[in-house]
Amino acid sequence: MRFTREEIDAAQRTVHAAMPPTPQYTWPLLSQRLGATLWAKHENHTPVGAFKIRGGLTYFETLAREHPEVRHVISATRGNHGQSLGFAARRHGLAATIVVPHGNSQEKNAAMRALGVTLVEHGDDFQAASEHAALLAERDALHRVPSFHRELVRGVSTAYVEFFSALKDAPPDVLFVPIGLGSGFAGAAVARAHCGVATKIIGVVSAHATAYRDSFRAGKPVESPVSTRLADGMACRVPVPESVEVILREADDVITVTDDEVAEAMRILFSDTHNVAEGAGAAALAGALQQQARWRGKTVGISVSGGNVDSDMFAGVLARSASS
């Protein structure tokens with residue numbers, strides 16, 4: 001997946017018209033804990049608390065120019081993609097219907113409704129919700145926004161352009177990026193090429209949703225069951241073929257982290273930086289901690305890709321630390 005410099009510049013203008021660049025900080029306690037210089041890109045600081053907003057903004061800007069007749073869109077999500085679309089749809093005066101699986105995060109559902117989204121609950125996992133969104137799109141002649149698309153990646157890449165540009169004098173040796181359906185990883189790879197840095201990129205998936213790790217190892221898309229209870233943003237059962245192609249070409253490795261490792265990373269982020277991360281948002285740190293021996297003394301980057309964790313769940317994660 002390649003973009004011209006003009007396309008990336010245009011994406012930055014579109015994103016920054018709606019939100020400022022997010023910060024990247026090096027946290028002394030995290031660096032001390034890891035035995036490396038650690039930089040965190042804080043996508044939990046966007047207006048919807050996650051990196052996805054960037055892709056929604058560029059997708060809808062292009063949609064408005066190329067298909068002004070579209071007035072109603074539909075998509076499926078576990079939450080952050082839906083908030084992104086709700087935010088961008090509202091800016092363009094469009095209606096948005098979002099399908100979520102039963103049992104989805106109640107606080108993410110509430111956030112989507114607050115953005116004017118019509119929420120539909122269907123199925124037991126993201127894949128079932130996505131298939132239902134496709135049926136509704138056909139039945140009601142709605143524009144279906146995919147979860148992985150070139151325009152989404154173009155927007156997401158702006159996060160990592162900000163990151164690599166800020167660290168241009170000493171780019172990190174490695175960047176850990178969580179993988180849900182792959183737009184975040186693809187955006188990081190696009191930004192790496194755009195900024196001309198040699199940083200290795202390691203994808204991180206849930207050990208309880210291993211489709212992309214299995215696909216990376218097999219060299220082709222491989223489905224895998226989902227059982228994660230904590231990292232809903234990485235709860236992918238069926239990988240996107242185009243996303244797998246990017247990962248096969250660009251990843252130094254794809255590793256897995258357990259829910260227990262993710263919970264510990266959530267606690268560490270809170271104790272060391274007082275940032276709240278959802279499960280997927282803490283996965284990159286979990287991966288870095290798992291591999292700390294490999295990167296000791298180096299410069300490590302992580303994406304804190306989102307902070308939208310339900311209060312009860314986060315309280316439980318913190319409580320487990322107190323009782324352990």
# chains A, B, ... in the order shown; residues from 1 in each chain; ligands from 1
$ residues_around --residues "A:Pro68" --least-positions-apart "5" --cutoff "12 Å" --atoms "only C-alpha atoms" --output "list of chain:residue names"
A:Phe60, A:Glu61, A:Thr62, A:Leu63, A:His92, A:Gly93, A:Leu94, A:His143
$ residues_around --residues "stretch 152-169 of chain A" --least-positions-apart "4" --cutoff "8 Å" --atoms "only C-alpha atoms" --output "JSON, numbers by chain"
{"A": [3, 7, 8, 11, 12, 15, 21, 22, 24, 41, 43, 51, 52, 53, 54, 55, 56, 57, 58, 59, 148, 183, 184, 186, 187, 188, 189, 190, 191, 192, 194, 195, 197]}
$ select_by_dssp --residues "stretch 195-293 of chain A" --states "alpha helix (DSSP H)" --output "ChimeraX atom specification"
/A:195,211-218,241-250,259-273,279-290,292-293
$ select_by_dssp --residues "stretch 2-116 of chain A" --states "strand (DSSP E or B)" --output "PDB file with all heavy atoms, in the first residue's frame"
ATOM      1  N   GLN A  24       3.614  12.446  21.905  1.00  0.00           N
ATOM      2  CA  GLN A  24       4.425  11.265  22.171  1.00  0.00           C
ATOM      3  C   GLN A  24       5.375  11.626  23.304  1.00  0.00           C
ATOM      4  O   GLN A  24       6.033  12.664  23.260  1.00  0.00           O
ATOM      5  CB  GLN A  24       5.213  10.782  20.943  1.00  0.00           C
ATOM      6  CG  GLN A  24       5.903  11.845  20.115  1.00  0.00           C
ATOM      7  CD  GLN A  24       4.945  12.543  19.172  1.00  0.00           C
ATOM      8  OE1 GLN A  24       4.153  11.893  18.514  1.00  0.00           O
ATOM      9  NE2 GLN A  24       5.009  13.861  19.120  1.00  0.00           N
ATOM     10  N   TYR A  25       5.357  10.816  24.320  1.00  0.00           N
ATOM     11  CA  TYR A  25       6.152  11.095  25.510  1.00  0.00           C
ATOM     12  C   TYR A  25       7.061   9.920  25.828  1.00  0.00           C
ATOM     13  O   TYR A  25       6.697   8.762  25.597  1.00  0.00           O
ATOM     14  CB  TYR A  25       5.261  11.341  26.742  1.00  0.00           C
ATOM     15  CG  TYR A  25       4.365  12.546  26.658  1.00  0.00           C
ATOM     16  CD1 TYR A  25       3.018  12.457  26.984  1.00  0.00           C
ATOM     17  CD2 TYR A  25       4.856  13.794  26.274  1.00  0.00           C
ATOM     18  CE1 TYR A  25       2.183  13.567  26.928  1.00  0.00           C
ATOM     19  CE2 TYR A  25       4.032  14.906  26.214  1.00  0.00           C
ATOM     20  CZ  TYR A  25       2.694  14.787  26.547  1.00  0.00           C
ATOM     21  OH  TYR A  25       1.877  15.888  26.491  1.00  0.00           O
ATOM     22  N   THR A  26       8.215  10.236  26.363  1.00  0.00           N
ATOM     23  CA  THR A  26       9.043   9.196  26.960  1.00  0.00           C
ATOM     24  C   THR A  26       8.850   9.276  28.471  1.00  0.00           C
ATOM     25  O   THR A  26       9.024  10.341  29.076  1.00  0.00           O
ATOM     26  CB  THR A  26      10.527   9.338  26.573  1.00  0.00           C
ATOM     27  OG1 THR A  26      11.269   8.292  27.200  1.00  0.00           O
ATOM     28  CG2 THR A  26      11.115  10.688  26.933  1.00  0.00           C
ATOM     29  N   THR A  37      14.897   3.073  26.298  1.00  0.00           N
ATOM     30  CA  THR A  37      14.202   4.350  26.163  1.00  0.00           C
ATOM     31  C   THR A  37      12.872   4.086  25.479  1.00  0.00           C
ATOM     32  O   THR A  37      12.841   3.620  24.332  1.00  0.00           O
ATOM     33  CB  THR A  37      15.030   5.339  25.337  1.00  0.00           C
ATOM     34  OG1 THR A  37      16.282   5.565  25.995  1.00  0.00           O
ATOM     35  CG2 THR A  37      14.294   6.657  25.173  1.00  0.00           C
ATOM     36  N   LEU A  38      11.782   4.325  26.175  1.00  0.00           N
ATOM     37  CA  LEU A  38      10.468   3.998  25.629  1.00  0.00           C
ATOM     38  C   LEU A  38       9.682   5.263  25.312  1.00  0.00           C
ATOM     39  O   LEU A  38       9.505   6.128  26.173  1.00  0.00           O
ATOM     40  CB  LEU A  38       9.669   3.127  26.601  1.00  0.00           C
ATOM     41  CG  LEU A  38       8.349   2.624  26.014  1.00  0.00           C
ATOM     42  CD1 LEU A  38       8.104   1.170  26.385  1.00  0.00           C
ATOM     43  CD2 LEU A  38       7.172   3.495  26.472  1.00  0.00           C
ATOM     44  N   TRP A  39       9.215   5.345  24.064  1.00  0.00           N
ATOM     45  CA  TRP A  39       8.349   6.440  23.621  1.00  0.00           C
ATOM     46  C   TRP A  39       6.943   5.896  23.405  1.00  0.00           C
ATOM     47  O   TRP A  39       6.755   4.885  22.726  1.00  0.00           O
ATOM     48  CB  TRP A  39       8.856   7.043  22.313  1.00  0.00           C
ATOM     49  CG  TRP A  39      10.049   7.926  22.477  1.00  0.00           C
ATOM     50  CD1 TRP A  39      11.366   7.569  22.397  1.00  0.00           C
ATOM     51  CD2 TRP A  39      10.031   9.332  22.749  1.00  0.00           C
ATOM     52  NE1 TRP A  39      12.176   8.651  22.606  1.00  0.00           N
ATOM     53  CE2 TRP A  39      11.384   9.762  22.818  1.00  0.00           C
ATOM     54  CE3 TRP A  39       9.017  10.271  22.940  1.00  0.00           C
ATOM     55  CZ2 TRP A  39      11.733  11.083  23.069  1.00  0.00           C
ATOM     56  CZ3 TRP A  39       9.362  11.590  23.188  1.00  0.00           C
ATOM     57  CH2 TRP A  39      10.705  11.982  23.251  1.00  0.00           C
ATOM     58  N   ALA A  40       5.958   6.577  23.978  1.00  0.00           N
ATOM     59  CA  ALA A  40       4.561   6.188  23.818  1.00  0.00           C
ATOM     60  C   ALA A  40       3.836   7.220  22.972  1.00  0.00           C
ATOM     61  O   ALA A  40       3.863   8.415  23.276  1.00  0.00           O
ATOM     62  CB  ALA A  40       3.891   6.065  25.177  1.00  0.00           C
ATOM     63  N   LYS A  41       3.186   6.755  21.899  1.00  0.00           N
ATOM     64  CA  LYS A  41       2.344   7.616  21.073  1.00  0.00           C
ATOM     65  C   LYS A  41       0.925   7.546  21.617  1.00  0.00           C
ATOM     66  O   LYS A  41       0.290   6.491  21.593  1.00  0.00           O
ATOM     67  CB  LYS A  41       2.389   7.162  19.609  1.00  0.00           C
ATOM     68  CG  LYS A  41       1.526   7.991  18.658  1.00  0.00           C
ATOM     69  CD  LYS A  41       1.929   9.450  18.630  1.00  0.00           C
ATOM     70  CE  LYS A  41       1.209  10.216  17.517  1.00  0.00           C
ATOM     71  NZ  LYS A  41       1.432  11.664  17.610  1.00  0.00           N
ATOM     72  N   HIS A  42       0.411   8.679  22.102  1.00  0.00           N
ATOM     73  CA  HIS A  42      -0.826   8.676  22.868  1.00  0.00           C
ATOM     74  C   HIS A  42      -2.059   8.930  22.008  1.00  0.00           C
ATOM     75  O   HIS A  42      -2.668  10.002  22.061  1.00  0.00           O
ATOM     76  CB  HIS A  42      -0.726   9.688  24.014  1.00  0.00           C
ATOM     77  CG  HIS A  42       0.112   9.188  25.143  1.00  0.00           C
ATOM     78  ND1 HIS A  42      -0.316   8.196  25.994  1.00  0.00           N
ATOM     79  CD2 HIS A  42       1.360   9.522  25.549  1.00  0.00           C
ATOM     80  CE1 HIS A  42       0.620   7.955  26.888  1.00  0.00           C
ATOM     81  NE2 HIS A  42       1.656   8.742  26.636  1.00  0.00           N
ATOM     82  N   ALA A  50      -9.261   7.242  20.664  1.00  0.00           N
ATOM     83  CA  ALA A  50      -8.607   6.158  19.925  1.00  0.00           C
ATOM     84  C   ALA A  50      -8.143   6.652  18.560  1.00  0.00           C
ATOM     85  O   ALA A  50      -8.644   7.651  18.037  1.00  0.00           O
ATOM     86  CB  ALA A  50      -9.553   4.971  19.757  1.00  0.00           C
ATOM     87  N   HIS A  72     -26.285   8.324   3.942  1.00  0.00           N
ATOM     88  CA  HIS A  72     -26.424   7.413   5.079  1.00  0.00           C
ATOM     89  C   HIS A  72     -25.396   6.298   4.921  1.00  0.00           C
ATOM     90  O   HIS A  72     -25.323   5.660   3.866  1.00  0.00           O
ATOM     91  CB  HIS A  72     -27.839   6.829   5.112  1.00  0.00           C
ATOM     92  CG  HIS A  72     -28.199   6.161   6.404  1.00  0.00           C
ATOM     93  ND1 HIS A  72     -29.502   6.033   6.832  1.00  0.00           N
ATOM     94  CD2 HIS A  72     -27.442   5.571   7.373  1.00  0.00           C
ATOM     95  CE1 HIS A  72     -29.528   5.405   8.001  1.00  0.00           C
ATOM     96  NE2 HIS A  72     -28.284   5.099   8.342  1.00  0.00           N
ATOM     97  N   VAL A  73     -24.609   6.075   5.959  1.00  0.00           N
ATOM     98  CA  VAL A  73     -23.580   5.029   5.905  1.00  0.00           C
ATOM     99  C   VAL A  73     -23.858   3.992   6.985  1.00  0.00           C
ATOM    100  O   VAL A  73     -24.574   4.241   7.954  1.00  0.00           O
ATOM    101  CB  VAL A  73     -22.166   5.616   6.103  1.00  0.00           C
ATOM    102  CG1 VAL A  73     -21.870   6.678   5.057  1.00  0.00           C
ATOM    103  CG2 VAL A  73     -21.994   6.163   7.515  1.00  0.00           C
ATOM    104  N   ILE A  74     -23.251   2.823   6.805  1.00  0.00           N
ATOM    105  CA  ILE A  74     -23.382   1.745   7.780  1.00  0.00           C
ATOM    106  C   ILE A  74     -22.057   1.028   7.900  1.00  0.00           C
ATOM    107  O   ILE A  74     -21.284   0.952   6.938  1.00  0.00           O
ATOM    108  CB  ILE A  74     -24.513   0.759   7.388  1.00  0.00           C
ATOM    109  CG1 ILE A  74     -24.785  -0.232   8.537  1.00  0.00           C
ATOM    110  CG2 ILE A  74     -24.186   0.031   6.092  1.00  0.00           C
ATOM    111  CD1 ILE A  74     -26.048  -1.055   8.321  1.00  0.00           C
ATOM    112  N   SER A  75     -21.785   0.510   9.089  1.00  0.00           N
ATOM    113  CA  SER A  75     -20.568  -0.271   9.295  1.00  0.00           C
ATOM    114  C   SER A  75     -20.764  -1.126  10.537  1.00  0.00           C
ATOM    115  O   SER A  75     -21.794  -1.053  11.213  1.00  0.00           O
ATOM    116  CB  SER A  75     -19.341   0.630   9.444  1.00  0.00           C
ATOM    117  OG  SER A  75     -18.138  -0.126   9.360  1.00  0.00           O
ATOM    118  N   ALA A  76     -19.759  -1.960  10.841  1.00  0.00           N
ATOM    119  CA  ALA A  76     -19.757  -2.781  12.048  1.00  0.00           C
ATOM    120  C   ALA A  76     -18.515  -2.454  12.854  1.00  0.00           C
ATOM    121  O   ALA A  76     -17.497  -2.019  12.310  1.00  0.00           O
ATOM    122  CB  ALA A  76     -19.779  -4.268  11.692  1.00  0.00           C
ATOM    123  N   ALA A  95     -26.042  10.575   8.084  1.00  0.00           N
ATOM    124  CA  ALA A  95     -26.565   9.625   9.062  1.00  0.00           C
ATOM    125  C   ALA A  95     -25.645   8.400   9.096  1.00  0.00           C
ATOM    126  O   ALA A  95     -25.077   8.009   8.067  1.00  0.00           O
ATOM    127  CB  ALA A  95     -27.979   9.211   8.695  1.00  0.00           C
ATOM    128  N   ALA A  96     -25.511   7.784  10.271  1.00  0.00           N
ATOM    129  CA  ALA A  96     -24.653   6.609  10.408  1.00  0.00           C
ATOM    130  C   ALA A  96     -25.348   5.556  11.250  1.00  0.00           C
ATOM    131  O   ALA A  96     -25.847   5.850  12.342  1.00  0.00           O
ATOM    132  CB  ALA A  96     -23.320   6.992  11.036  1.00  0.00           C
ATOM    133  N   THR A  97     -25.382   4.342  10.732  1.00  0.00           N
ATOM    134  CA  THR A  97     -25.868   3.179  11.478  1.00  0.00           C
ATOM    135  C   THR A  97     -24.676   2.266  11.736  1.00  0.00           C
ATOM    136  O   THR A  97     -23.901   1.976  10.824  1.00  0.00           O
ATOM    137  CB  THR A  97     -26.936   2.409  10.683  1.00  0.00           C
ATOM    138  OG1 THR A  97     -28.081   3.253  10.501  1.00  0.00           O
ATOM    139  CG2 THR A  97     -27.357   1.137  11.402  1.00  0.00           C
ATOM    140  N   ILE A  98     -24.531   1.841  12.982  1.00  0.00           N
ATOM    141  CA  ILE A  98     -23.408   0.995  13.358  1.00  0.00           C
ATOM    142  C   ILE A  98     -23.942  -0.285  13.988  1.00  0.00           C
ATOM    143  O   ILE A  98     -24.783  -0.237  14.894  1.00  0.00           O
ATOM    144  CB  ILE A  98     -22.467   1.698  14.355  1.00  0.00           C
ATOM    145  CG1 ILE A  98     -21.923   2.998  13.739  1.00  0.00           C
ATOM    146  CG2 ILE A  98     -21.336   0.765  14.771  1.00  0.00           C
ATOM    147  CD1 ILE A  98     -21.011   2.805  12.548  1.00  0.00           C
ATOM    148  N   VAL A  99     -23.435  -1.423  13.521  1.00  0.00           N
ATOM    149  CA  VAL A  99     -23.820  -2.726  14.068  1.00  0.00           C
ATOM    150  C   VAL A  99     -22.731  -3.207  15.017  1.00  0.00           C
ATOM    151  O   VAL A  99     -21.549  -3.216  14.656  1.00  0.00           O
ATOM    152  CB  VAL A  99     -24.041  -3.767  12.946  1.00  0.00           C
ATOM    153  CG1 VAL A  99     -24.563  -5.078  13.545  1.00  0.00           C
ATOM    154  CG2 VAL A  99     -25.021  -3.234  11.902  1.00  0.00           C
ATOM    155  N   VAL A 100     -23.132  -3.584  16.223  1.00  0.00           N
ATOM    156  CA  VAL A 100     -22.201  -4.120  17.214  1.00  0.00           C
ATOM    157  C   VAL A 100     -22.699  -5.486  17.667  1.00  0.00           C
ATOM    158  O   VAL A 100     -23.901  -5.766  17.606  1.00  0.00           O
ATOM    159  CB  VAL A 100     -22.070  -3.196  18.441  1.00  0.00           C
ATOM    160  CG1 VAL A 100     -21.582  -1.809  18.031  1.00  0.00           C
ATOM    161  CG2 VAL A 100     -23.389  -3.089  19.201  1.00  0.00           C
TER     162      VAL A 100
END
$ atom_distance --atom1 "atom CA of A:Val309" --atom2 "atom CA of A:Tyr212"
22.9 Å
$ closest_residue --among "A:Thr77, A:Arg90, A:Val222, A:Ala284" --to "A:Pro146" --atoms "only C-alpha atoms"
A:Thr77
$ closest_atom_pairs --of "stretch 170-232 of chain A" --to "stretch 255-271 of chain A" --cutoff "8 Å" --atoms "only C-alpha atoms" --output "JSON lines"
{"residue": "A:Ile202", "atom": "CA", "partner": "A:Ile255", "partner_atom": "CA", "distance": 7.3}
{"residue": "A:Gly203", "atom": "CA", "partner": "A:Ile255", "partner_atom": "CA", "distance": 6.3}
{"residue": "A:Val204", "atom": "CA", "partner": "A:Ile255", "partner_atom": "CA", "distance": 5.1}
{"residue": "A:Val205", "atom": "CA", "partner": "A:Thr256", "partner_atom": "CA", "distance": 4.9}
{"residue": "A:Ser206", "atom": "CA", "partner": "A:Val257", "partner_atom": "CA", "distance": 5.2}
{"residue": "A:Ala207", "atom": "CA", "partner": "A:Thr256", "partner_atom": "CA", "distance": 4.8}
{"residue": "A:His208", "atom": "CA", "partner": "A:Thr258", "partner_atom": "CA", "distance": 6.8}
{"residue": "A:Thr210", "atom": "CA", "partner": "A:Thr256", "partner_atom": "CA", "distance": 7.2}
{"residue": "A:Arg213", "atom": "CA", "partner": "A:Ile255", "partner_atom": "CA", "distance": 6.5}
{"residue": "A:Thr228", "atom": "CA", "partner": "A:Asp259", "partner_atom": "CA", "distance": 6.7}
{"residue": "A:Arg229", "atom": "CA", "partner": "A:Asp259", "partner_atom": "CA", "distance": 7.3}
{"residue": "A:Leu230", "atom": "CA", "partner": "A:Asp259", "partner_atom": "CA", "distance": 6.1}
{"residue": "A:Ala231", "atom": "CA", "partner": "A:Asp259", "partner_atom": "CA", "distance": 7.1}
$ closest_residue --among "A:Asn308, A:Gln83, A:Gln127, A:Asn109" --to "A:Pro225" --atoms "only C-alpha atoms"
A:Gln127
$ closest_residue --among "A:Glu250, A:Pro178, A:Asp125, A:Arg78" --to "A:Gln106" --atoms "only C-alpha atoms"
A:Arg78
$ closest_residue --among "A:Ala315, A:Glu151, A:Arg320, A:Ser215" --to "A:Ala10" --atoms "only C-alpha atoms"
A:Glu151
$ residues_around --residues "A:Leu181" --least-positions-apart "3" --cutoff "8 Å" --atoms "only C-alpha atoms" --output "short mmCIF file (atom, residue, chain, number, x, y, z; two decimals) with C-alpha atoms, in the first residue's frame"
data_model
loop_
_atom_site.label_atom_id
_atom_site.label_comp_id
_atom_site.auth_asym_id
_atom_site.auth_seq_id
_atom_site.Cartn_x
_atom_site.Cartn_y
_atom_site.Cartn_z
CA SER A 147 -13.16 -1.79 8.61
CA PHE A 148 -10.05 -1.86 6.43
CA MET A 234 -8.18 -7.15 18.71
CA CYS A 236 -10.72 -10.61 15.00
CA PRO A 239 -8.52 -11.50 8.75
CA VAL A 240 -8.76 -9.05 5.86
CA SER A 243 -4.29 -6.32 5.48
#
$ atom_distance --atom1 "atom CA of A:Ser224" --atom2 "atom CA of A:Gly123"
17.1 Å
$ closest_residue --among "A:Val238, A:Val117, A:Ala137, A:Leu30" --to "A:Thr299" --atoms "only C-alpha atoms"
A:Leu30
$ atom_distance --atom1 "atom CA of A:Asp214" --atom2 "atom CA of A:Ala286"
19.0 Å
$ residues_around --residues "A:Ile201" --least-positions-apart "5" --cutoff "10 Å" --atoms "only C-alpha atoms" --output "list of chain:residue names"
A:Pro172, A:Asp173, A:Val174, A:Leu175, A:Phe176, A:Val177, A:Phe185, A:Ala188, A:Ala189, A:Arg192, A:Ile247, A:Glu250, A:Ala251, A:Asp252, A:Asp253, A:Val254, A:Gly301, A:Ile302
